[in-house]
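Engineer: Following this line is my_file.pdb, made up of PDB, C-alpha atoms and all ligand atoms:
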```pdb
MODEL        1
ATOM      1  CA  MET E   1      18.754   6.511 -23.000  1.00  0.00           C
ATOM      2  CA  ARG E   2      20.075   3.396 -21.262  1.00  0.00           C
ATOM      3  CA  VAL E   3      22.940   5.406 -19.715  1.00  0.00           C
ATOM      4  CA  ALA E   4      20.484   8.042 -18.436  1.00  0.00           C
ATOM      5  CA  ARG E   5      18.269   5.342 -16.890  1.00  0.00           C
ATOM      6  CA  PHE E   6      21.290   3.669 -15.298  1.00  0.00           C
ATOM      7  CA  LEU E   7      22.496   6.966 -13.801  1.00  0.00           C
ATOM      8  CA  PHE E   8      19.000   7.821 -12.524  1.00  0.00           C
ATOM      9  CA  GLN E   9      18.641   4.429 -10.844  1.00  0.00           C
ATOM     10  CA  LYS E  10      22.106   4.735  -9.327  1.00  0.00           C
ATOM     11  CA  LEU E  11      21.377   8.229  -8.019  1.00  0.00           C
ATOM     12  CA  THR E  12      18.026   7.293  -6.478  1.00  0.00           C
ATOM     13  CA  ARG E  13      19.560   4.238  -4.784  1.00  0.00           C
ATOM     14  CA  VAL E  14      22.356   6.337  -3.283  1.00  0.00           C
ATOM     15  CA  LEU E  15      19.883   8.956  -2.094  1.00  0.00           C
ATOM     16  CA  ALA E  16      17.506   6.398  -0.648  1.00  0.00           C
ATOM     17  CA  GLY E  17      20.338   4.513   0.997  1.00  0.00           C
ATOM     18  CA  ASN E  18      20.992   7.712   2.887  1.00  0.00           C
ATOM     19  CA  GLY E  19      17.353   8.031   3.912  1.00  0.00           C
ATOM     20  CA  LEU E  20      16.547  10.748   1.374  1.00  0.00           C
ATOM     21  CA  TYR E  21      13.564  11.138  -0.914  1.00  0.00           C
ATOM     22  CA  LEU E  22      12.492  13.532  -3.629  1.00  0.00           C
ATOM     23  CA  SER E  23      10.506  16.393  -2.215  1.00  0.00           C
ATOM     24  CA  LYS E  24       7.903  18.602  -3.879  1.00  0.00           C
ATOM     25  CA  SER E  25      10.394  21.337  -4.639  1.00  0.00           C
ATOM     26  CA  LEU E  26      12.682  18.828  -6.412  1.00  0.00           C
ATOM     27  CA  ASN E  27      15.108  19.129  -3.545  1.00  0.00           C
ATOM     28  CA  TYR E  28      16.113  15.984  -1.739  1.00  0.00           C
ATOM     29  CA  LYS E  29      14.828  15.953   1.806  1.00  0.00           C
ATOM     30  CA  GLN E  30      15.852  13.914   4.769  1.00  0.00           C
ATOM     31  CA  SER E  31      13.358  11.123   5.221  1.00  0.00           C
ATOM     32  CA  PRO E  32      12.041  10.589   8.777  1.00  0.00           C
ATOM     33  CA  ALA E  33      13.477   7.053   8.675  1.00  0.00           C
ATOM     34  CA  PRO E  34      15.950   5.055   6.558  1.00  0.00           C
ATOM     35  CA  LEU E  35      14.452   3.322   3.532  1.00  0.00           C
ATOM     36  CA  PRO E  36      14.817  -0.427   2.909  1.00  0.00           C
ATOM     37  CA  ILE E  37      17.628  -1.458   0.558  1.00  0.00           C
ATOM     38  CA  ASN E  38      15.489  -3.451  -1.932  1.00  0.00           C
ATOM     39  CA  PHE E  39      12.813  -0.789  -2.160  1.00  0.00           C
ATOM     40  CA  ASP E  40      10.702   0.467  -5.058  1.00  0.00           C
ATOM     41  CA  TYR E  41      11.883   4.081  -5.410  1.00  0.00           C
ATOM     42  CA  VAL E  42       8.790   5.499  -7.136  1.00  0.00           C
ATOM     43  CA  ARG E  43       6.359   3.862  -4.700  1.00  0.00           C
ATOM     44  CA  TYR E  44       8.270   4.830  -1.564  1.00  0.00           C
ATOM     45  CA  ALA E  45       9.097   8.350  -2.753  1.00  0.00           C
ATOM     46  CA  THR E  46       5.433   8.968  -3.639  1.00  0.00           C
ATOM     47  CA  LEU E  47       4.451   7.723  -0.194  1.00  0.00           C
ATOM     48  CA  GLY E  48       6.961  10.217   1.276  1.00  0.00           C
ATOM     49  CA  LEU E  49       5.462  13.107  -0.691  1.00  0.00           C
ATOM     50  CA  CYS E  50       1.902  12.116   0.253  1.00  0.00           C
ATOM     51  CA  PHE E  51       3.018  11.859   3.887  1.00  0.00           C
ATOM     52  CA  GLU E  52       4.315  15.470   3.649  1.00  0.00           C
ATOM     53  CA  GLN E  53       0.926  16.587   2.358  1.00  0.00           C
ATOM     54  CA  LEU E  54      -0.948  14.776   5.128  1.00  0.00           C
ATOM     55  CA  VAL E  55       1.204  16.467   7.736  1.00  0.00           C
ATOM     56  CA  ALA E  56       1.096  19.914   6.087  1.00  0.00           C
ATOM     57  CA  ARG E  57      -2.699  19.749   5.713  1.00  0.00           C
ATOM     58  CA  GLN E  58      -3.183  18.228   9.182  1.00  0.00           C
ATOM     59  CA  VAL E  59      -5.335  15.427   7.786  1.00  0.00           C
ATOM     60  CA  PRO E  60      -6.783  13.439  10.699  1.00  0.00           C
ATOM     61  CA  GLY E  61      -7.165   9.671  10.921  1.00  0.00           C
ATOM     62  CA  ASN E  62      -5.361   6.394  11.352  1.00  0.00           C
ATOM     63  CA  VAL E  63      -3.482   4.255   8.830  1.00  0.00           C
ATOM     64  CA  ALA E  64      -4.274   0.792   7.403  1.00  0.00           C
ATOM     65  CA  GLU E  65      -2.881  -1.842   5.112  1.00  0.00           C
ATOM     66  CA  LEU E  66      -4.931  -4.661   3.579  1.00  0.00           C
ATOM     67  CA  GLY E  67      -2.426  -7.239   2.341  1.00  0.00           C
ATOM     68  CA  VAL E  68       0.518  -7.127   4.738  1.00  0.00           C
ATOM     69  CA  TYR E  69       2.318 -10.390   3.964  1.00  0.00           C
ATOM     70  CA  GLN E  70       5.721 -10.058   5.713  1.00  0.00           C
ATOM     71  CA  GLY E  71       5.159  -6.409   6.600  1.00  0.00           C
ATOM     72  CA  ASP E  72       7.726  -4.604   4.463  1.00  0.00           C
ATOM     73  CA  PHE E  73       5.495  -1.747   3.312  1.00  0.00           C
ATOM     74  CA  ALA E  74       3.675  -1.776   6.664  1.00  0.00           C
ATOM     75  CA  LYS E  75       7.017  -1.215   8.403  1.00  0.00           C
ATOM     76  CA  ARG E  76       7.484   1.977   6.389  1.00  0.00           C
ATOM     77  CA  LEU E  77       3.983   3.120   7.332  1.00  0.00           C
ATOM     78  CA  ASN E  78       4.702   2.460  10.988  1.00  0.00           C
ATOM     79  CA  GLN E  79       7.981   4.430  10.717  1.00  0.00           C
ATOM     80  CA  LEU E  80       6.325   7.418   9.045  1.00  0.00           C
ATOM     81  CA  PHE E  81       3.268   7.556  11.324  1.00  0.00           C
ATOM     82  CA  PRO E  82       4.512   6.794  14.860  1.00  0.00           C
ATOM     83  CA  ASP E  83       1.627   8.808  16.358  1.00  0.00           C
ATOM     84  CA  ARG E  84      -1.156   7.037  14.480  1.00  0.00           C
ATOM     85  CA  GLN E  85      -2.587   3.562  14.841  1.00  0.00           C
ATOM     86  CA  LEU E  86      -1.773   1.122  12.060  1.00  0.00           C
ATOM     87  CA  TYR E  87      -4.377  -1.525  11.201  1.00  0.00           C
ATOM     88  CA  LEU E  88      -2.857  -4.662   9.667  1.00  0.00           C
ATOM     89  CA  PHE E  89      -5.406  -6.713   7.710  1.00  0.00           C
ATOM     90  CA  ASP E  90      -4.290 -10.109   6.402  1.00  0.00           C
ATOM     91  CA  THR E  91      -5.097 -13.782   6.701  1.00  0.00           C
ATOM     92  CA  PHE E  92      -1.351 -14.202   7.468  1.00  0.00           C
ATOM     93  CA  GLU E  93      -1.928 -17.558   5.740  1.00  0.00           C
ATOM     94  CA  GLY E  94      -2.037 -16.437   2.081  1.00  0.00           C
ATOM     95  CA  PHE E  95      -4.954 -15.983  -0.305  1.00  0.00           C
ATOM     96  CA  ALA E  96      -8.443 -17.175   0.716  1.00  0.00           C
ATOM     97  CA  ASP E  97      -9.973 -19.978  -1.385  1.00  0.00           C
ATOM     98  CA  GLN E  98     -13.121 -18.030  -2.223  1.00  0.00           C
ATOM     99  CA  ASP E  99     -11.113 -15.069  -3.620  1.00  0.00           C
ATOM    100  CA  VAL E 100      -8.983 -17.443  -5.689  1.00  0.00           C
ATOM    101  CA  SER E 101     -12.142 -19.015  -7.144  1.00  0.00           C
ATOM    102  CA  THR E 102     -13.314 -15.607  -8.434  1.00  0.00           C
ATOM    103  CA  GLU E 103      -9.848 -14.910  -9.846  1.00  0.00           C
ATOM    104  CA  LYS E 104      -9.773 -18.153 -11.773  1.00  0.00           C
ATOM    105  CA  ALA E 105     -13.376 -17.923 -12.985  1.00  0.00           C
ATOM    106  CA  SER E 106     -12.811 -14.346 -14.207  1.00  0.00           C
ATOM    107  CA  GLY E 107      -9.401 -15.053 -15.716  1.00  0.00           C
ATOM    108  CA  PHE E 108      -7.792 -12.195 -13.718  1.00  0.00           C
ATOM    109  CA  SER E 109      -4.945 -14.333 -12.384  1.00  0.00           C
ATOM    110  CA  THR E 110      -4.041 -17.876 -11.444  1.00  0.00           C
ATOM    111  CA  GLY E 111      -4.087 -16.950  -7.735  1.00  0.00           C
ATOM    112  CA  GLU E 112      -1.414 -19.566  -7.270  1.00  0.00           C
ATOM    113  CA  GLN E 113       1.302 -17.441  -5.681  1.00  0.00           C
ATOM    114  CA  SER E 114       1.646 -18.374  -2.039  1.00  0.00           C
ATOM    115  CA  PHE E 115       1.939 -15.704   0.639  1.00  0.00           C
ATOM    116  CA  ALA E 116       1.546 -18.203   3.477  1.00  0.00           C
ATOM    117  CA  ASN E 117       5.145 -17.957   4.721  1.00  0.00           C
ATOM    118  CA  THR E 118       4.498 -15.258   7.280  1.00  0.00           C
ATOM    119  CA  SER E 119       3.045 -14.784  10.760  1.00  0.00           C
ATOM    120  CA  VAL E 120       1.745 -12.032  13.011  1.00  0.00           C
ATOM    121  CA  GLU E 121       4.842 -12.424  15.219  1.00  0.00           C
ATOM    122  CA  LEU E 122       7.235 -12.030  12.274  1.00  0.00           C
ATOM    123  CA  VAL E 123       5.457  -8.843  11.147  1.00  0.00           C
ATOM    124  CA  LEU E 124       5.258  -7.276  14.616  1.00  0.00           C
ATOM    125  CA  ARG E 125       8.960  -7.941  15.232  1.00  0.00           C
ATOM    126  CA  LYS E 126       9.740  -5.677  12.254  1.00  0.00           C
ATOM    127  CA  MET E 127       7.688  -2.750  13.469  1.00  0.00           C
ATOM    128  CA  PRO E 128       9.495   0.159  15.127  1.00  0.00           C
ATOM    129  CA  HIS E 129       6.294   1.069  17.015  1.00  0.00           C
ATOM    130  CA  PRO E 130       4.455  -2.260  17.511  1.00  0.00           C
ATOM    131  CA  GLN E 131       2.273  -0.744  20.239  1.00  0.00           C
ATOM    132  CA  GLN E 132       0.537   1.248  17.502  1.00  0.00           C
ATOM    133  CA  CYS E 133      -0.419  -1.864  15.504  1.00  0.00           C
ATOM    134  CA  ILE E 134      -3.918  -3.332  15.507  1.00  0.00           C
ATOM    135  CA  VAL E 135      -3.731  -6.792  13.966  1.00  0.00           C
ATOM    136  CA  LYS E 136      -6.838  -7.945  12.081  1.00  0.00           C
ATOM    137  CA  LYS E 137      -6.006 -11.541  11.233  1.00  0.00           C
ATOM    138  CA  GLY E 138      -8.397 -13.450   8.984  1.00  0.00           C
ATOM    139  CA  PHE E 139     -10.556 -13.000   5.924  1.00  0.00           C
ATOM    140  CA  PHE E 140     -11.239  -9.416   4.808  1.00  0.00           C
ATOM    141  CA  PRO E 141     -13.896  -7.902   4.770  1.00  0.00           C
ATOM    142  CA  ALA E 142     -15.152 -10.042   7.710  1.00  0.00           C
ATOM    143  CA  THR E 143     -12.266  -8.757   9.861  1.00  0.00           C
ATOM    144  CA  ALA E 144     -13.387  -5.153   9.327  1.00  0.00           C
ATOM    145  CA  ALA E 145     -16.890  -5.710  10.703  1.00  0.00           C
ATOM    146  CA  ASP E 146     -16.061  -4.169  14.104  1.00  0.00           C
ATOM    147  CA  VAL E 147     -13.855  -1.336  12.781  1.00  0.00           C
ATOM    148  CA  ASP E 148     -15.333   2.106  13.262  1.00  0.00           C
ATOM    149  CA  ASP E 149     -12.570   4.583  12.432  1.00  0.00           C
ATOM    150  CA  THR E 150     -11.358   7.312  10.079  1.00  0.00           C
ATOM    151  CA  PHE E 151      -8.231   6.915   7.942  1.00  0.00           C
ATOM    152  CA  CYS E 152      -5.711   9.334   6.452  1.00  0.00           C
ATOM    153  CA  PHE E 153      -3.766   6.707   4.506  1.00  0.00           C
ATOM    154  CA  VAL E 154      -4.673   3.205   3.295  1.00  0.00           C
ATOM    155  CA  SER E 155      -2.559   0.729   1.340  1.00  0.00           C
ATOM    156  CA  LEU E 156      -4.576  -1.885  -0.566  1.00  0.00           C
ATOM    157  CA  ASP E 157      -2.165  -4.613  -1.598  1.00  0.00           C
ATOM    158  CA  ALA E 158      -4.280  -7.784  -1.614  1.00  0.00           C
ATOM    159  CA  ASP E 159      -3.559  -8.534  -5.307  1.00  0.00           C
ATOM    160  CA  LEU E 160      -6.973 -10.022  -6.094  1.00  0.00           C
ATOM    161  CA  TYR E 161     -10.200  -8.503  -7.457  1.00  0.00           C
ATOM    162  CA  ASP E 162     -12.603  -9.347  -4.601  1.00  0.00           C
ATOM    163  CA  PRO E 163     -10.603  -8.092  -1.590  1.00  0.00           C
ATOM    164  CA  ILE E 164      -9.445  -4.960  -3.463  1.00  0.00           C
ATOM    165  CA  LEU E 165     -12.995  -4.026  -4.447  1.00  0.00           C
ATOM    166  CA  GLU E 166     -14.204  -4.747  -0.899  1.00  0.00           C
ATOM    167  CA  GLY E 167     -11.275  -2.675   0.412  1.00  0.00           C
ATOM    168  CA  LEU E 168     -12.253   0.311  -1.716  1.00  0.00           C
ATOM    169  CA  ARG E 169     -15.893  -0.031  -0.648  1.00  0.00           C
ATOM    170  CA  PHE E 170     -14.926  -0.197   3.019  1.00  0.00           C
ATOM    171  CA  PHE E 171     -12.133   2.390   3.217  1.00  0.00           C
ATOM    172  CA  TYR E 172     -13.116   5.131   0.750  1.00  0.00           C
ATOM    173  CA  PRO E 173     -16.167   6.274   2.770  1.00  0.00           C
ATOM    174  CA  ARG E 174     -13.966   6.229   5.909  1.00  0.00           C
ATOM    175  CA  LEU E 175     -11.124   8.217   4.310  1.00  0.00           C
ATOM    176  CA  ALA E 176     -10.652  11.735   5.709  1.00  0.00           C
ATOM    177  CA  LEU E 177     -10.757  14.675   3.312  1.00  0.00           C
ATOM    178  CA  GLY E 178      -7.240  14.985   1.881  1.00  0.00           C
ATOM    179  CA  GLY E 179      -6.462  11.323   2.640  1.00  0.00           C
ATOM    180  CA  TYR E 180      -4.900   8.827   0.229  1.00  0.00           C
ATOM    181  CA  ILE E 181      -5.508   5.233  -0.855  1.00  0.00           C
ATOM    182  CA  PHE E 182      -2.693   3.433  -2.691  1.00  0.00           C
ATOM    183  CA  VAL E 183      -3.884   0.407  -4.687  1.00  0.00           C
ATOM    184  CA  HIS E 184      -0.956  -1.754  -5.705  1.00  0.00           C
ATOM    185  CA  ASP E 185      -0.824  -3.873  -8.910  1.00  0.00           C
ATOM    186  CA  PHE E 186      -2.963  -1.516 -10.990  1.00  0.00           C
ATOM    187  CA  ASN E 187      -0.604  -2.129 -13.925  1.00  0.00           C
ATOM    188  CA  ASN E 188       0.378  -5.698 -13.145  1.00  0.00           C
ATOM    189  CA  ASP E 189      -0.510  -8.118 -15.929  1.00  0.00           C
ATOM    190  CA  GLU E 190      -0.197 -11.008 -13.486  1.00  0.00           C
ATOM    191  CA  TYR E 191      -3.014  -9.595 -11.310  1.00  0.00           C
ATOM    192  CA  ARG E 192      -5.479  -7.991 -13.691  1.00  0.00           C
ATOM    193  CA  GLY E 193      -8.241  -7.970 -11.052  1.00  0.00           C
ATOM    194  CA  ALA E 194      -6.594  -5.000  -9.321  1.00  0.00           C
ATOM    195  CA  ARG E 195      -7.082  -2.725 -12.349  1.00  0.00           C
ATOM    196  CA  GLN E 196     -10.615  -4.048 -12.823  1.00  0.00           C
ATOM    197  CA  ALA E 197     -11.561  -3.311  -9.199  1.00  0.00           C
ATOM    198  CA  VAL E 198     -10.143   0.241  -9.281  1.00  0.00           C
ATOM    199  CA  THR E 199     -11.675   1.066 -12.659  1.00  0.00           C
ATOM    200  CA  GLU E 200     -15.076  -0.306 -11.671  1.00  0.00           C
ATOM    201  CA  PHE E 201     -15.173   1.379  -8.258  1.00  0.00           C
ATOM    202  CA  CYS E 202     -13.925   4.760  -9.471  1.00  0.00           C
ATOM    203  CA  ARG E 203     -16.320   4.801 -12.429  1.00  0.00           C
ATOM    204  CA  ALA E 204     -19.291   3.926 -10.214  1.00  0.00           C
ATOM    205  CA  GLU E 205     -18.373   6.561  -7.607  1.00  0.00           C
ATOM    206  CA  GLY E 206     -17.177   9.258 -10.030  1.00  0.00           C
ATOM    207  CA  ILE E 207     -13.688   9.297  -8.485  1.00  0.00           C
ATOM    208  CA  GLY E 208     -10.411  10.119 -10.258  1.00  0.00           C
ATOM    209  CA  PHE E 209      -7.051   8.457  -9.638  1.00  0.00           C
ATOM    210  CA  THR E 210      -3.406   8.766 -10.677  1.00  0.00           C
ATOM    211  CA  PRO E 211      -1.494   5.705 -11.965  1.00  0.00           C
ATOM    212  CA  LEU E 212       2.158   5.532 -10.885  1.00  0.00           C
ATOM    213  CA  PRO E 213       5.027   4.052 -12.941  1.00  0.00           C
ATOM    214  CA  ASP E 214       6.266   1.973 -10.002  1.00  0.00           C
ATOM    215  CA  SER E 215       6.888  -1.763 -10.045  1.00  0.00           C
ATOM    216  CA  GLY E 216       3.511  -3.474 -10.595  1.00  0.00           C
ATOM    217  CA  GLY E 217       1.838  -0.090 -10.873  1.00  0.00           C
ATOM    218  CA  THR E 218      -0.039   1.731  -8.118  1.00  0.00           C
ATOM    219  CA  ALA E 219      -3.258   3.715  -8.481  1.00  0.00           C
ATOM    220  CA  VAL E 220      -3.380   6.667  -6.086  1.00  0.00           C
ATOM    221  CA  LEU E 221      -6.799   7.907  -4.968  1.00  0.00           C
ATOM    222  CA  CYS E 222      -7.053  11.170  -3.053  1.00  0.00           C
ATOM    223  CA  LYS E 223     -10.250  12.374  -1.437  1.00  0.00           C
TER     224      LYS E 223
HETATM  225  C1  LIG S 301       1.331  -9.136  -2.235  1.00  0.00           C
HETATM  226  S1  LIG S 301       0.977  -9.634  -0.614  1.00  0.00           S
HETATM  227  C2  LIG S 301       1.180  -8.101   0.274  1.00  0.00           C
HETATM  228  C3  LIG S 301       2.576  -7.520   0.184  1.00  0.00           C
HETATM  229  C4  LIG S 301       2.883  -6.493   1.234  1.00  0.00           C
HETATM  230  N1  LIG S 301       2.025  -5.342   1.159  1.00  0.00           N
HETATM  231  C5  LIG S 301       4.360  -6.073   1.182  1.00  0.00           C
HETATM  232  O1  LIG S 301       4.667  -4.896   1.302  1.00  0.00           O
HETATM  233  O2  LIG S 301       5.222  -6.913   1.051  1.00  0.00           O
HETATM  234  C6  LIG S 301      -0.768  -9.897  -0.637  1.00  0.00           C
HETATM  235  C7  LIG S 301      -1.359 -10.253   0.708  1.00  0.00           C
HETATM  236  O3  LIG S 301      -2.777 -10.072   0.661  1.00  0.00           O
HETATM  237  C8  LIG S 301      -3.366 -10.982   1.556  1.00  0.00           C
HETATM  238  N2  LIG S 301      -4.802 -11.132   1.224  1.00  0.00           N
HETATM  239  C9  LIG S 301      -5.327 -11.295  -0.010  1.00  0.00           C
HETATM  240  N3  LIG S 301      -6.671 -11.409   0.071  1.00  0.00           N
HETATM  241  C10 LIG S 301      -7.005 -11.302   1.385  1.00  0.00           C
HETATM  242  C11 LIG S 301      -8.259 -11.320   2.102  1.00  0.00           C
HETATM  243  N4  LIG S 301      -9.460 -11.476   1.491  1.00  0.00           N
HETATM  244  N5  LIG S 301      -8.223 -11.161   3.441  1.00  0.00           N
HETATM  245  C12 LIG S 301      -7.045 -10.993   4.092  1.00  0.00           C
HETATM  246  N6  LIG S 301      -5.838 -10.968   3.471  1.00  0.00           N
HETATM  247  C13 LIG S 301      -5.813 -11.122   2.129  1.00  0.00           C
HETATM  248  C14 LIG S 301      -2.547 -12.256   1.357  1.00  0.00           C
HETATM  249  O4  LIG S 301      -2.653 -13.118   2.464  1.00  0.00           O
HETATM  250  C15 LIG S 301      -1.128 -11.695   1.146  1.00  0.00           C
HETATM  251  O5  LIG S 301      -0.380 -11.710   2.339  1.00  0.00           O
ENDMDL
END
```
Give the structure from the file, written as C-alpha cells.
Ligand SMILES: C[S@@+](CC[C@H](N)C(=O)[O-])C[C@H]1O[C@@H](n2cnc3c(N)ncnc32)[C@H](O)[C@@H]1O
Structural biologist:
Amino acid sequence: MRVARFLFQKLTRVLAGNGLYLSKSLNYKQSPAPLPINFDYVRYATLGLCFEQLVARQVPGNVAELGVYQGDFAKRLNQLFPDRQLYLFDTFEGFADQDVSTEKASGFSTGEQSFANTSVELVLRKMPHPQQCIVKKGFFPATAADVDDTFCFVSLDADLYDPILEGLRFFYPRLALGGYIFVHDFNNDEYRGARQAVTEFCRAEGIGFTPLPDSGGTAVLCK
C-alpha cells in the first residue's frame, strides 16, 4: 500500500512538473500553463477538469477568489482564464478581528494563524495577466457591496466561518449555470468553521456538493 502511494505521488509530481494533469478520459493532457512545484495535486487537477467543463459548456462569467493571501491559487486562476476578469478579495492584512471573535466564541478555530505577510503589489507581480485583476482590498463582504457581476468559478479560501458563509451567500446566486465554487478547508480540523458554513448553507438552500480528498479538503459546489 505504501509503495503504491509512493509511486502514485511520484508519478503525479512528474506529470505536473511537465504541466500535465489528469483529464476526464484518464489520459494525461497538456495543461494550459505549468503547475507550481509545491502544489496540491488533487486540488489543482480537479480545477483543471472543472476548467475543461467550463470551456466545453461555454459557461459565461468572471472568476473570483475570496482569501488570496500571497496569490498562489489566484495565479493559477489567472493563468487558466486569461480572457476573464479575476476578482481578488482579501484584507491583504490577515484575518479581521470580528471574524476571529466568532471563531473563538464558536470553538471553530483559534484564528491565530497570521496571513498578514502579503501585499497587493506582491500578489499582482505574480499574475501572468495582471490587467485582468480587480483588487478588492478590505473586509469581505463590505468589499463586495459594489460588485454586480456573474461568475463561472469562485474559490472561497478565507478559512473562517463568517467570511465563508457570507461568500456562499454572495456568490452562489451570482454563479452562472454550470459554474463551480470551491470551498477550501471543508475537511480541515484546524478550521472547523469551513465545514459548518458549507453544511449550513447547502442544507438551507437544498444544494449538493462533492468533498475532495485534497490537502485540507475542498467542497465543490456546481450549479
Ligand atoms: C488561507 S489564506 C488564503 C490562501 C490562498 N488562497 C492561497 O492559495 O495561498 C486565507 C486568507 O483569507 C483572508 N480573509 C479571511 N477573512 C477575510 C475577510 N472577512 N475579508 C477579507 N479577507 C479575508 C485572509 O486575510 C487570508 O489572506
Engineer: So which residues get picked by the PyMOL selection byres (((chain E and resi 153-157) around 6) and not hetatm) here, written as a PyMOL selection string?
Structural biologist: chain E and resi 63-67+151-152+158-159+179-184
Engineer: Would you list the residues that come within 6 Å of ligand LIG 301 (chain S)? Count only C-alpha atoms and all ligand atoms and give the answer as a ChimeraX atom specification.
Structural biologist: /E:67-73,89-96,115,138-140,157-159,163
Engineer: Applied to this file, what does the PyMOL selection byres (((chain E and resi 208) around 9) and not hetatm) return in terms of residues, put as number ranges by chain?
Structural biologist: E: 202-203, 206-207, 209-210, 220-222
Engineer: So that I can see what lies close to E:Ser109, please list as an NGL selection string the residues with an atom at most 9 Å from it, counting all atoms listed in the file and leaving out residues fewer than 2 positions away in the same chain.
Structural biologist: :E and (100 or 103-104 or 106-107 or 111-112 or 160 or 189-193)
Engineer: With only C-alpha atoms as the atoms that count, which of E:Gln53, E:Thr199, E:Thr46, E:Asn78 lies nearest to E:Ile134?
Structural biologist: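 The closest residue to E:Ile134 is E:Asn78.
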Engineer: Enumerate, as a count of residues only, the residues matched when the PyMOL selection byres (((chain E and resi 216) around 7) and not hetatm) is run on the file above.
Structural biologist: 9
Engineer: At what distance in Å, to one decimal, does atom CA of E:Thr143 lie from atom CA of E:Gln98?
Structural biologist: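 Atom CA of E:Thr143 lies at a distance of 15.3 Å from atom CA of E:Gln98.
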Engineer: Interatomic distance between atom CA of E:Pro141 and atom CA of E:Gly167?
Structural biologist: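 About the pair atom CA of E:Pro141 and atom CA of E:Gly167: they are 7.3 Å apart.
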Engineer: Residues of stretch 44-71 of chain E that approach stretch 79-86 of chain E to 10 Å or less, counting all atoms listed in the file: could you list each one with the shortest pair of atoms and its distance in Å to one decimal, rows by chain and increasing residue number, as a tab-separated table?
Structural biologist:
```
residue	atom	partner	partner_atom	distance
E:Leu47	CA	E:Leu80	CA	9.4
E:Gly48	CA	E:Leu80	CA	8.3
E:Phe51	CA	E:Leu80	CA	7.6
E:Glu52	CA	E:Leu80	CA	9.9
E:Val55	CA	E:Phe81	CA	9.8
E:Pro60	CA	E:Arg84	CA	9.3
E:Gly61	CA	E:Arg84	CA	7.5
E:Asn62	CA	E:Arg84	CA	5.3
E:Val63	CA	E:Leu86	CA	4.8
E:Ala64	CA	E:Leu86	CA	5.3
E:Glu65	CA	E:Leu86	CA	7.6
```
Engineer: Which residue is closest to E:Leu88? Choose from E:Cys50, E:Met127, E:Phe201, E:Ala74 and count only C-alpha atoms.
Structural biologist: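 Looking only at the distances to E:Leu88, the closest residue turns out to be E:Ala74.
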Engineer: Counting all atoms listed in the file, figure out which residue out of E:Ala105, E:Lys136, E:Lys75, E:Val42 gets nearest to E:Leu122.
Structural biologist: E:Lys75
